[in-house]
file target_5.cif (mmCIF, C-alpha atoms and all ligand atoms)
data_coords
loop_
_atom_site.label_atom_id
_atom_site.label_comp_id
_atom_site.auth_asym_id
_atom_site.auth_seq_id
_atom_site.Cartn_x
_atom_site.Cartn_y
_atom_site.Cartn_z
CA MET B 1 11.84 0.89 12.23
CA ARG B 2 8.61 0.60 14.18
CA PHE B 3 5.21 0.24 12.58
CA ARG B 4 2.09 0.91 14.54
CA VAL B 5 -1.23 0.32 12.83
CA LEU B 6 -4.59 1.70 13.89
CA THR B 7 -7.28 -0.46 12.38
CA LEU B 8 -10.73 -1.95 12.87
CA PHE B 9 -9.43 -5.28 11.53
CA PRO B 10 -6.18 -6.26 13.30
CA GLN B 11 -6.63 -9.90 12.28
CA MET B 12 -5.88 -8.92 8.68
CA PHE B 13 -2.23 -8.31 9.63
CA GLU B 14 -1.59 -11.71 11.20
CA THR B 15 -0.46 -13.52 8.05
CA ILE B 16 1.85 -10.86 6.64
CA MET B 17 3.56 -10.34 9.98
CA GLU B 18 4.30 -14.06 10.31
CA THR B 19 5.35 -14.80 6.76
CA SER B 20 8.51 -14.75 4.69
CA ILE B 21 10.89 -11.77 4.78
CA ILE B 22 8.68 -9.56 6.96
CA GLY B 23 8.07 -12.39 9.44
CA ARG B 24 11.82 -13.01 9.68
CA ALA B 25 12.60 -9.27 10.07
CA LEU B 26 10.14 -9.13 12.94
CA ALA B 27 11.55 -12.26 14.57
CA ASN B 28 15.07 -10.78 14.24
CA ASN B 29 13.94 -7.45 15.76
CA GLN B 30 14.95 -5.58 12.61
CA ILE B 31 11.43 -4.13 12.54
CA LYS B 32 8.80 -3.83 15.21
CA PHE B 33 5.07 -4.08 14.71
CA GLU B 34 2.09 -3.26 16.85
CA CYS B 35 -1.57 -3.25 15.93
CA ASP B 36 -4.22 -1.31 17.83
CA ASP B 37 -7.88 -2.09 17.40
CA ILE B 38 -9.64 1.28 17.12
CA ARG B 39 -12.83 -0.31 18.46
CA ASN B 40 -11.14 -0.82 21.84
CA TYR B 41 -11.14 2.98 22.19
CA ALA B 42 -14.85 3.45 21.55
CA THR B 43 -16.45 4.60 24.77
CA ASP B 44 -20.19 4.02 24.30
CA LYS B 45 -21.79 0.69 25.17
CA HIS B 46 -22.23 -0.29 21.51
CA LYS B 47 -18.52 0.30 20.78
CA ARG B 48 -19.44 2.61 17.94
CA VAL B 49 -16.60 3.85 15.79
CA ASP B 50 -18.59 5.42 12.95
CA ASP B 51 -21.58 7.65 12.43
CA TYR B 52 -23.70 9.23 9.71
CA PRO B 53 -22.13 12.05 7.69
CA PHE B 54 -23.21 15.61 8.42
CA GLY B 55 -24.83 16.99 5.28
CA GLY B 56 -26.22 13.58 4.35
CA GLY B 57 -25.00 11.23 1.66
CA ALA B 58 -24.06 7.60 1.40
CA GLY B 59 -22.03 5.60 3.91
CA MET B 60 -20.61 6.16 7.36
CA VAL B 61 -17.71 8.22 8.64
CA MET B 62 -15.17 7.11 11.26
CA LYS B 63 -15.48 9.19 14.41
CA VAL B 64 -12.67 11.37 15.77
CA GLU B 65 -12.65 10.24 19.42
CA PRO B 66 -11.81 6.50 19.08
CA LEU B 67 -9.12 7.33 16.50
CA ARG B 68 -7.68 10.12 18.64
CA ASP B 69 -7.69 8.00 21.82
CA ALA B 70 -6.10 5.06 20.02
CA LEU B 71 -3.36 7.32 18.65
CA LEU B 72 -2.65 9.07 21.95
CA ALA B 73 -2.82 5.91 24.09
CA LYS B 74 0.85 5.13 23.51
CA PRO B 75 3.99 7.27 23.46
CA ARG B 76 5.53 8.09 20.10
CA PHE B 77 8.92 6.63 19.26
CA GLY B 78 11.79 8.81 17.95
CA ASN B 79 11.24 10.53 14.64
CA SER B 80 7.66 9.43 14.12
CA ARG B 81 5.04 10.10 11.43
CA VAL B 82 1.30 9.58 11.42
CA ILE B 83 0.18 8.49 7.98
CA TYR B 84 -3.42 8.21 6.88
CA LEU B 85 -3.88 5.78 4.00
CA THR B 86 -6.31 7.35 1.57
CA PRO B 87 -6.92 7.53 -2.19
CA LYS B 88 -6.61 11.32 -1.75
CA GLY B 89 -2.98 11.04 -0.57
CA ARG B 90 0.27 11.39 -2.50
CA THR B 91 0.97 8.27 -4.51
CA LEU B 92 3.35 5.72 -3.01
CA THR B 93 6.41 5.50 -5.26
CA HIS B 94 9.94 4.23 -4.71
CA GLN B 95 10.91 7.79 -3.79
CA VAL B 96 8.16 8.09 -1.17
CA VAL B 97 9.04 4.63 0.23
CA THR B 98 12.70 5.69 0.51
CA GLU B 99 11.63 8.84 2.35
CA LEU B 100 9.36 6.91 4.75
CA ALA B 101 12.20 4.47 5.51
CA THR B 102 14.18 7.32 7.14
CA PHE B 103 11.72 7.61 10.05
CA ASP B 104 11.99 5.68 13.32
CA GLU B 105 8.26 5.03 13.53
CA LEU B 106 5.37 5.04 11.09
CA ILE B 107 1.88 5.11 12.57
CA LEU B 108 -0.48 3.91 9.85
CA VAL B 109 -4.13 4.87 10.15
CA CYS B 110 -6.51 2.62 8.23
CA GLY B 111 -9.82 4.14 7.24
CA HIS B 112 -13.01 2.24 6.44
CA TYR B 113 -16.50 3.08 5.18
CA GLU B 114 -16.43 6.58 3.61
CA GLY B 115 -13.21 7.44 5.44
CA VAL B 116 -12.38 9.34 8.63
CA ASP B 117 -13.70 12.61 10.04
CA GLN B 118 -11.58 15.40 8.50
CA ARG B 119 -10.95 16.94 11.94
CA PHE B 120 -8.83 13.91 12.90
CA VAL B 121 -6.80 14.28 9.70
CA ASP B 122 -6.32 18.03 10.18
CA ARG B 123 -5.18 17.75 13.77
CA TYR B 124 -3.19 14.51 13.96
CA VAL B 125 -2.08 13.34 10.53
CA ASP B 126 1.37 14.30 9.15
CA ASP B 127 1.09 12.70 5.74
CA GLU B 128 -1.57 11.14 3.49
CA VAL B 129 -0.55 8.29 1.22
CA SER B 130 -2.40 6.49 -1.56
CA ILE B 131 -1.31 3.20 -3.11
CA GLY B 132 -2.87 4.08 -6.46
CA ASP B 133 -5.78 5.60 -8.31
CA TYR B 134 -8.46 3.15 -7.26
CA VAL B 135 -10.57 2.70 -4.14
CA LEU B 136 -10.18 -0.14 -1.63
CA THR B 137 -12.75 -1.06 0.99
CA GLY B 138 -10.27 -0.22 3.77
CA GLY B 139 -6.77 1.07 4.43
CA GLU B 140 -5.42 -2.27 5.74
CA LEU B 141 -4.07 -3.58 2.42
CA ALA B 142 -2.53 -0.18 1.73
CA ALA B 143 -0.86 -0.20 5.18
CA MET B 144 0.54 -3.68 4.47
CA ILE B 145 2.01 -2.41 1.22
CA VAL B 146 3.70 0.46 3.07
CA ILE B 147 5.04 -1.93 5.74
CA ASP B 148 6.33 -4.38 3.14
CA SER B 149 7.96 -1.84 0.83
CA VAL B 150 9.53 0.21 3.64
CA SER B 151 10.79 -2.86 5.55
CA ARG B 152 12.77 -4.03 2.53
CA LEU B 153 14.84 -0.85 2.79
CA VAL B 154 15.63 -1.32 6.48
CA ASN B 155 19.25 -2.44 6.96
CA GLY B 156 19.63 -6.19 7.19
CA VAL B 157 16.06 -7.10 6.26
CA LEU B 158 17.09 -8.33 2.82
CA THR B 159 19.74 -10.95 3.52
CA ASN B 160 21.24 -10.57 0.05
CA GLU B 161 22.90 -7.16 0.54
CA GLY B 162 22.60 -4.92 -2.46
CA SER B 163 19.60 -6.71 -3.93
CA ALA B 164 17.34 -3.72 -3.17
CA ASP B 165 19.76 -1.46 -5.07
CA GLU B 166 19.39 -3.50 -8.24
CA GLU B 167 15.64 -3.74 -8.25
CA SER B 168 13.18 -1.81 -10.40
CA PHE B 169 13.14 1.95 -9.68
CA ALA B 170 16.18 1.89 -7.37
CA ASN B 171 18.45 3.15 -10.16
CA GLY B 172 15.58 4.83 -12.01
CA LEU B 173 15.05 1.90 -14.41
CA LEU B 174 12.86 -1.21 -14.53
CA GLU B 175 14.83 -4.34 -13.80
CA TYR B 176 16.34 -6.69 -16.40
CA PRO B 177 14.80 -10.19 -16.93
CA HIS B 178 15.80 -13.14 -14.74
CA TYR B 179 16.41 -16.78 -15.66
CA THR B 180 17.11 -19.90 -13.61
CA ARG B 181 17.76 -23.62 -14.20
CA PRO B 182 17.23 -25.53 -16.42
CA GLN B 183 19.14 -23.98 -19.29
CA ALA B 184 16.41 -24.96 -21.78
CA VAL B 185 12.66 -25.39 -21.20
CA ASP B 186 10.38 -26.50 -24.03
CA GLY B 187 13.04 -25.33 -26.47
CA ASP B 188 13.36 -21.87 -24.86
CA GLU B 189 17.01 -21.15 -24.06
CA VAL B 190 18.58 -18.84 -21.50
CA PRO B 191 20.38 -15.92 -23.24
CA SER B 192 23.90 -17.20 -23.88
CA VAL B 193 25.64 -14.17 -22.33
CA LEU B 194 24.33 -15.24 -18.89
CA LEU B 195 26.19 -18.56 -19.25
CA SER B 196 29.42 -16.95 -20.42
CA GLY B 197 30.87 -16.27 -16.96
CA ASN B 198 31.97 -12.85 -18.24
CA HIS B 199 30.67 -10.54 -15.51
CA GLN B 200 31.38 -7.35 -17.40
CA GLU B 201 29.39 -8.58 -20.41
CA ILE B 202 26.58 -9.81 -18.14
CA GLU B 203 26.36 -6.42 -16.44
CA LYS B 204 26.36 -4.66 -19.79
CA TRP B 205 23.61 -6.94 -21.13
CA ARG B 206 21.49 -6.46 -18.01
CA TYR B 207 21.84 -2.71 -18.21
CA GLN B 208 20.85 -2.71 -21.89
CA GLN B 209 17.85 -4.92 -21.11
CA SER B 210 16.81 -2.56 -18.31
CA VAL B 211 16.98 0.42 -20.65
CA ARG B 212 15.08 -1.49 -23.36
CA ILE B 213 12.27 -2.65 -21.03
CA THR B 214 11.99 0.79 -19.43
CA GLY B 215 11.84 2.37 -22.90
CA GLU B 216 9.06 0.02 -23.93
CA ARG B 217 6.97 0.22 -20.75
CA ARG B 218 7.83 3.43 -18.90
CA PRO B 219 9.68 5.72 -21.33
CA GLU B 220 9.15 8.70 -19.04
CA LEU B 221 11.66 7.16 -16.59
CA LEU B 222 14.54 7.32 -19.07
CA SER B 223 17.15 10.07 -19.10
CA GLU B 224 18.01 11.93 -22.33
CA GLU B 225 21.22 9.90 -22.48
CA GLN B 226 19.38 6.59 -22.19
CA VAL B 227 16.88 7.60 -24.89
CA GLN B 228 19.83 8.41 -27.16
CA GLU B 229 21.42 5.04 -26.29
CA LEU B 230 18.21 3.26 -27.31
CA LYS B 231 18.05 5.21 -30.56
CA ASN B 232 21.69 4.31 -31.32
CA ASN B 233 21.08 0.61 -30.59
CA PHE B 234 17.99 0.67 -32.80
CA ALA B 235 19.93 2.35 -35.63
CA LYS B 236 22.75 -0.22 -35.33
CA LYS B 237 20.27 -3.12 -35.43
CA LYS B 238 18.47 -1.63 -38.45
CA LYS B 239 21.78 -1.25 -40.28
CA ARG B 240 22.62 -4.92 -39.64
CA VAL B 241 19.19 -6.07 -40.89
CA ASP B 242 19.40 -3.84 -44.01
CA LYS B 243 22.88 -5.19 -44.74
CA ARG B 244 21.66 -8.78 -44.45
CA ARG B 245 18.73 -8.08 -46.75
CA SER B 246 20.79 -6.35 -49.46
C1 LIG B 301 -14.03 3.08 0.67
S1 LIG B 301 -12.55 3.91 1.09
C2 LIG B 301 -13.10 5.57 1.20
C3 LIG B 301 -12.91 6.32 -0.05
C4 LIG B 301 -13.31 7.78 0.06
N1 LIG B 301 -14.71 7.93 0.28
C5 LIG B 301 -12.92 8.50 -1.22
O1 LIG B 301 -13.73 8.55 -2.15
O2 LIG B 301 -11.79 9.04 -1.30
C6 LIG B 301 -12.28 3.42 2.73
C7 LIG B 301 -10.84 3.52 3.20
O3 LIG B 301 -10.01 2.69 2.42
C8 LIG B 301 -8.70 3.21 2.37
N2 LIG B 301 -8.33 3.32 0.96
C9 LIG B 301 -9.13 3.16 -0.10
N3 LIG B 301 -8.48 3.31 -1.26
C10 LIG B 301 -7.19 3.57 -0.93
C11 LIG B 301 -6.02 3.85 -1.70
N4 LIG B 301 -6.05 3.87 -3.02
N5 LIG B 301 -4.86 4.08 -1.04
C12 LIG B 301 -4.83 4.05 0.31
N6 LIG B 301 -5.92 3.81 1.09
C13 LIG B 301 -7.07 3.58 0.48
C14 LIG B 301 -8.73 4.55 3.10
O4 LIG B 301 -8.19 4.37 4.40
C15 LIG B 301 -10.19 4.89 3.13
O5 LIG B 301 -10.52 5.68 4.25
#

call {"tool": "encode", "arguments": {"input": "target_5.cif", "output": "structure tokens", "more": "lines below"}}
Ligand SMILES: C[S@@+](CC[C@H](N)C(=O)[O-])C[C@H]1O[C@@H](n2cnc3c(N)ncnc32)[C@H](O)[C@@H]1O
result
Amino acid sequence: MRFRVLTLFPQMFETIMETSIIGRALANNQIKFECDDIRNYATDKHKRVDDYPFGGGAGMVMKVEPLRDALLAKPRFGNSRVIYLTPKGRTLTHQVVTELATFDELILVCGHYEGVDQRFVDRYVDDEVSIGDYVLTGGELAAMIVIDSVSRLVNGVLTNEGSADEESFANGLLEYPHYTRPQAVDGDEVPSVLLSGNHQEIEKWRYQQSVRITGERRPELLSEEQVQELKNNFAKKKKRVDKRRS
């Protein structure tokens, strides 16, 4: 997977591309990353990349020509997509991330100011992606989120194979809770099933926890079957409590 970023602030990417899992994936050539400074493609002597909006109004708009020239300066690689990060785009979800991970190259265009001239979007952009219903000052953080989330799905990037499959959203549910040593902290104990060594029971417990947490926080993610399962568990628990009380 190759990532190419068009931005006015390439320095913002330095830390993420050198750190942790993404840094290692880059060093191991599992992903490739290139950052192009849009300002290098401005042709006037002031290196202007933005201008006032036609029709008036607040803020500045990024001009077509530097963006276009930055994009066209290098050949595309394989099955490639140009993505403009914008609050007007489709929301980035696990499903969208999975889809983006199937491409050979993602070219991520970071807007600034009021955004980019619509003619650039209409002519050159394949997809518009938003990281959520709020407005950032620029597309750089959104591009980093795309790079991070997509890279995790590239083969070999996560050293612990299968860990991406178990995480929140991968199987449609939020993930179960995690615990590590020590066994007790300030009187709070690790659930005993996790110490039992019984892998079948552990898996069952984790699945039930996933369904419970998803039901509490994101009930719309549950299937009919899982909703029924929750109802049954609740009924069983209520019966036990009633019996104890009587
Ligand atoms: C201040 S914003 C422009 C917002 C634009 N005027 C609007 O109201 O839709 C500047 C740039 O930040 C990026 N941006 C802001 N919010 C974003 C979001 N939620 N998702 C992705 N990119 C975002 C885009 O690249 C955008 O061009």

call {"tool": "atom_distance", "arguments": {"input": "target_5.cif", "atom1": "atom CA of B:Val227", "atom2": "atom CA of B:Arg212"}}
result
9.4 Å

call {"tool": "residues_near_point", "arguments": {"input": "target_5.cif", "point": "(1.3, -3.6, 2.3)", "cutoff": "12 Å", "atoms": "only C-alpha atoms", "output": "ChimeraX atom specification"}}
result
/B:3,5,12-13,15-17,22,85,92,97,108,110,130-131,139-152

call {"tool": "closest_atom_pairs", "arguments": {"input": "target_5.cif", "of": "chain B", "to": "ligand LIG 301 (chain B)", "cutoff": "9 Å", "atoms": "only C-alpha atoms and all ligand atoms", "output": "JSON lines"}}
result
{"residue": "B:Gly59", "atom": "CA", "partner": "B:LIG301", "partner_atom": "N1", "distance": 8.5}
{"residue": "B:Val61", "atom": "CA", "partner": "B:LIG301", "partner_atom": "O5", "distance": 8.8}
{"residue": "B:Met62", "atom": "CA", "partner": "B:LIG301", "partner_atom": "O5", "distance": 8.5}
{"residue": "B:Tyr84", "atom": "CA", "partner": "B:LIG301", "partner_atom": "O4", "distance": 6.6}
{"residue": "B:Leu85", "atom": "CA", "partner": "B:LIG301", "partner_atom": "N6", "distance": 4.1}
{"residue": "B:Thr86", "atom": "CA", "partner": "B:LIG301", "partner_atom": "N6", "distance": 3.6}
{"residue": "B:Pro87", "atom": "CA", "partner": "B:LIG301", "partner_atom": "C11", "distance": 3.8}
{"residue": "B:Lys88", "atom": "CA", "partner": "B:LIG301", "partner_atom": "O2", "distance": 5.7}
{"residue": "B:Gly89", "atom": "CA", "partner": "B:LIG301", "partner_atom": "N5", "distance": 7.2}
{"residue": "B:Thr91", "atom": "CA", "partner": "B:LIG301", "partner_atom": "N5", "distance": 8.0}
{"residue": "B:Leu92", "atom": "CA", "partner": "B:LIG301", "partner_atom": "N5", "distance": 8.6}
{"residue": "B:Val109", "atom": "CA", "partner": "B:LIG301", "partner_atom": "O4", "distance": 7.1}
{"residue": "B:Cys110", "atom": "CA", "partner": "B:LIG301", "partner_atom": "O4", "distance": 4.5}
{"residue": "B:Gly111", "atom": "CA", "partner": "B:LIG301", "partner_atom": "O4", "distance": 3.3}
{"residue": "B:His112", "atom": "CA", "partner": "B:LIG301", "partner_atom": "C6", "distance": 4.0}
{"residue": "B:Tyr113", "atom": "CA", "partner": "B:LIG301", "partner_atom": "C6", "distance": 4.9}
{"residue": "B:Glu114", "atom": "CA", "partner": "B:LIG301", "partner_atom": "N1", "distance": 4.0}
{"residue": "B:Gly115", "atom": "CA", "partner": "B:LIG301", "partner_atom": "O5", "distance": 3.4}
{"residue": "B:Val116", "atom": "CA", "partner": "B:LIG301", "partner_atom": "O5", "distance": 6.0}
{"residue": "B:Glu128", "atom": "CA", "partner": "B:LIG301", "partner_atom": "C12", "distance": 8.4}
{"residue": "B:Val129", "atom": "CA", "partner": "B:LIG301", "partner_atom": "C12", "distance": 6.1}
{"residue": "B:Ser130", "atom": "CA", "partner": "B:LIG301", "partner_atom": "N5", "distance": 3.5}
{"residue": "B:Ile131", "atom": "CA", "partner": "B:LIG301", "partner_atom": "N5", "distance": 4.2}
{"residue": "B:Gly132", "atom": "CA", "partner": "B:LIG301", "partner_atom": "N4", "distance": 4.7}
{"residue": "B:Asp133", "atom": "CA", "partner": "B:LIG301", "partner_atom": "N4", "distance": 5.6}
{"residue": "B:Tyr134", "atom": "CA", "partner": "B:LIG301", "partner_atom": "N4", "distance": 4.9}
{"residue": "B:Val135", "atom": "CA", "partner": "B:LIG301", "partner_atom": "N3", "distance": 3.6}
{"residue": "B:Leu136", "atom": "CA", "partner": "B:LIG301", "partner_atom": "C9", "distance": 3.8}
{"residue": "B:Thr137", "atom": "CA", "partner": "B:LIG301", "partner_atom": "C1", "distance": 4.3}
{"residue": "B:Gly138", "atom": "CA", "partner": "B:LIG301", "partner_atom": "O3", "distance": 3.2}
{"residue": "B:Gly139", "atom": "CA", "partner": "B:LIG301", "partner_atom": "C8", "distance": 3.5}
{"residue": "B:Glu140", "atom": "CA", "partner": "B:LIG301", "partner_atom": "C8", "distance": 7.2}
{"residue": "B:Leu141", "atom": "CA", "partner": "B:LIG301", "partner_atom": "N6", "distance": 7.7}
{"residue": "B:Ala142", "atom": "CA", "partner": "B:LIG301", "partner_atom": "C12", "distance": 5.0}
{"residue": "B:Ala143", "atom": "CA", "partner": "B:LIG301", "partner_atom": "C12", "distance": 7.6}

call {"tool": "atom_distance", "arguments": {"input": "target_5.cif", "atom1": "atom CA of B:Leu174", "atom2": "atom CA of B:Ser210"}}
result
5.6 Å

call {"tool": "atom_distance", "arguments": {"input": "target_5.cif", "atom1": "atom CA of B:Asn233", "atom2": "atom CA of B:Val211"}}
result
10.8 Å

call {"tool": "residues_around", "arguments": {"input": "target_5.cif", "residues": "B:Pro191", "least_positions_apart": "2", "cutoff": "12 Å", "atoms": "all atoms listed in the file", "output": "list in words"}}
result
Pro177, His178, Tyr179, Thr180, Gln183, Ala184, Asp188, Glu189, Val193, Leu194, Leu195, Ser196, Glu201, Ile202, Trp205, Arg206 and Gln209 of chain B

call {"tool": "closest_residue", "arguments": {"input": "target_5.cif", "among": "B:Asp104, B:Glu34, B:Asp186, B:Glu18", "to": "B:Leu6", "atoms": "all atoms listed in the file"}}
result
B:Glu34

call {"tool": "closest_residue", "arguments": {"input": "target_5.cif", "among": "B:Arg217, B:Lys204, B:Asp127, B:Ser163", "to": "B:Val96", "atoms": "only C-alpha atoms"}}
result
B:Asp127

call {"tool": "residues_around", "arguments": {"input": "target_5.cif", "residues": "B:Asp37", "least_positions_apart": "5", "cutoff": "10 Å", "atoms": "all atoms listed in the file", "output": "list in words"}}
result
Val5, Leu6, Thr7, Leu8, Phe9, Pro10, Gln11, Ala42, Pro66, Leu67 and Ala70 of chain B

call {"tool": "write_last_selection", "arguments": {"input": "target_5.cif", "atoms": "C-alpha atoms", "output": "JSON list (two decimals), in the coordinates of the input"}}
result
[["chain", "number", "residue", "atom", "x", "y", "z"],
["B", 5, "VAL", "CA", -1.23, 0.32, 12.83],
["B", 6, "LEU", "CA", -4.59, 1.70, 13.89],
["B", 7, "THR", "CA", -7.28, -0.46, 12.38],
["B", 8, "LEU", "CA", -10.73, -1.95, 12.87],
["B", 9, "PHE", "CA", -9.43, -5.28, 11.53],
["B", 10, "PRO", "CA", -6.18, -6.26, 13.30],
["B", 11, "GLN", "CA", -6.63, -9.90, 12.28],
["B", 42, "ALA", "CA", -14.85, 3.45, 21.55],
["B", 66, "PRO", "CA", -11.81, 6.50, 19.08],
["B", 67, "LEU", "CA", -9.12, 7.33, 16.50],
["B", 70, "ALA", "CA", -6.10, 5.06, 20.02]]

call {"tool": "residues_near_point", "arguments": {"input": "target_5.cif", "point": "(4.2, 0.6, 15.4)", "cutoff": "7 Å", "atoms": "all atoms listed in the file", "output": "PDB file with C-alpha atoms, keeping the file's coordinate frame"}}
result
ATOM      1  CA  ARG B   2       8.610   0.600  14.180  1.00  0.00           C
ATOM      2  CA  PHE B   3       5.210   0.240  12.580  1.00  0.00           C
ATOM      3  CA  ARG B   4       2.090   0.910  14.540  1.00  0.00           C
ATOM      4  CA  VAL B   5      -1.230   0.320  12.830  1.00  0.00           C
ATOM      5  CA  LYS B  32       8.800  -3.830  15.210  1.00  0.00           C
ATOM      6  CA  PHE B  33       5.070  -4.080  14.710  1.00  0.00           C
ATOM      7  CA  GLU B  34       2.090  -3.260  16.850  1.00  0.00           C
ATOM      8  CA  CYS B  35      -1.570  -3.250  15.930  1.00  0.00           C
ATOM      9  CA  GLU B 105       8.260   5.030  13.530  1.00  0.00           C
ATOM     10  CA  LEU B 106       5.370   5.040  11.090  1.00  0.00           C
ATOM     11  CA  ILE B 107       1.880   5.110  12.570  1.00  0.00           C
TER      12      ILE B 107
END

call {"tool": "closest_residue", "arguments": {"input": "target_5.cif", "among": "B:Arg181, B:Leu72, B:Asp117, B:Arg24", "to": "B:Asp50", "atoms": "only C-alpha atoms"}}
result
B:Asp117

call {"tool": "closest_residue", "arguments": {"input": "target_5.cif", "among": "B:Ile83, B:Ala101, B:Val157, B:Ala73", "to": "B:Asp126", "atoms": "only C-alpha atoms"}}
result
B:Ile83

call {"tool": "closest_residue", "arguments": {"input": "target_5.cif", "among": "B:Tyr176, B:Glu65, B:Gly187, B:Glu229", "to": "B:Glu203", "atoms": "all atoms listed in the file"}}
result
B:Tyr176

call {"tool": "residues_around", "arguments": {"input": "target_5.cif", "residues": "B:Gln226", "least_positions_apart": "2", "cutoff": "10 Å", "atoms": "only C-alpha atoms", "output": "ChimeraX atom specification"}}
result
/B:208,211-212,214-215,219,221-224,228-232
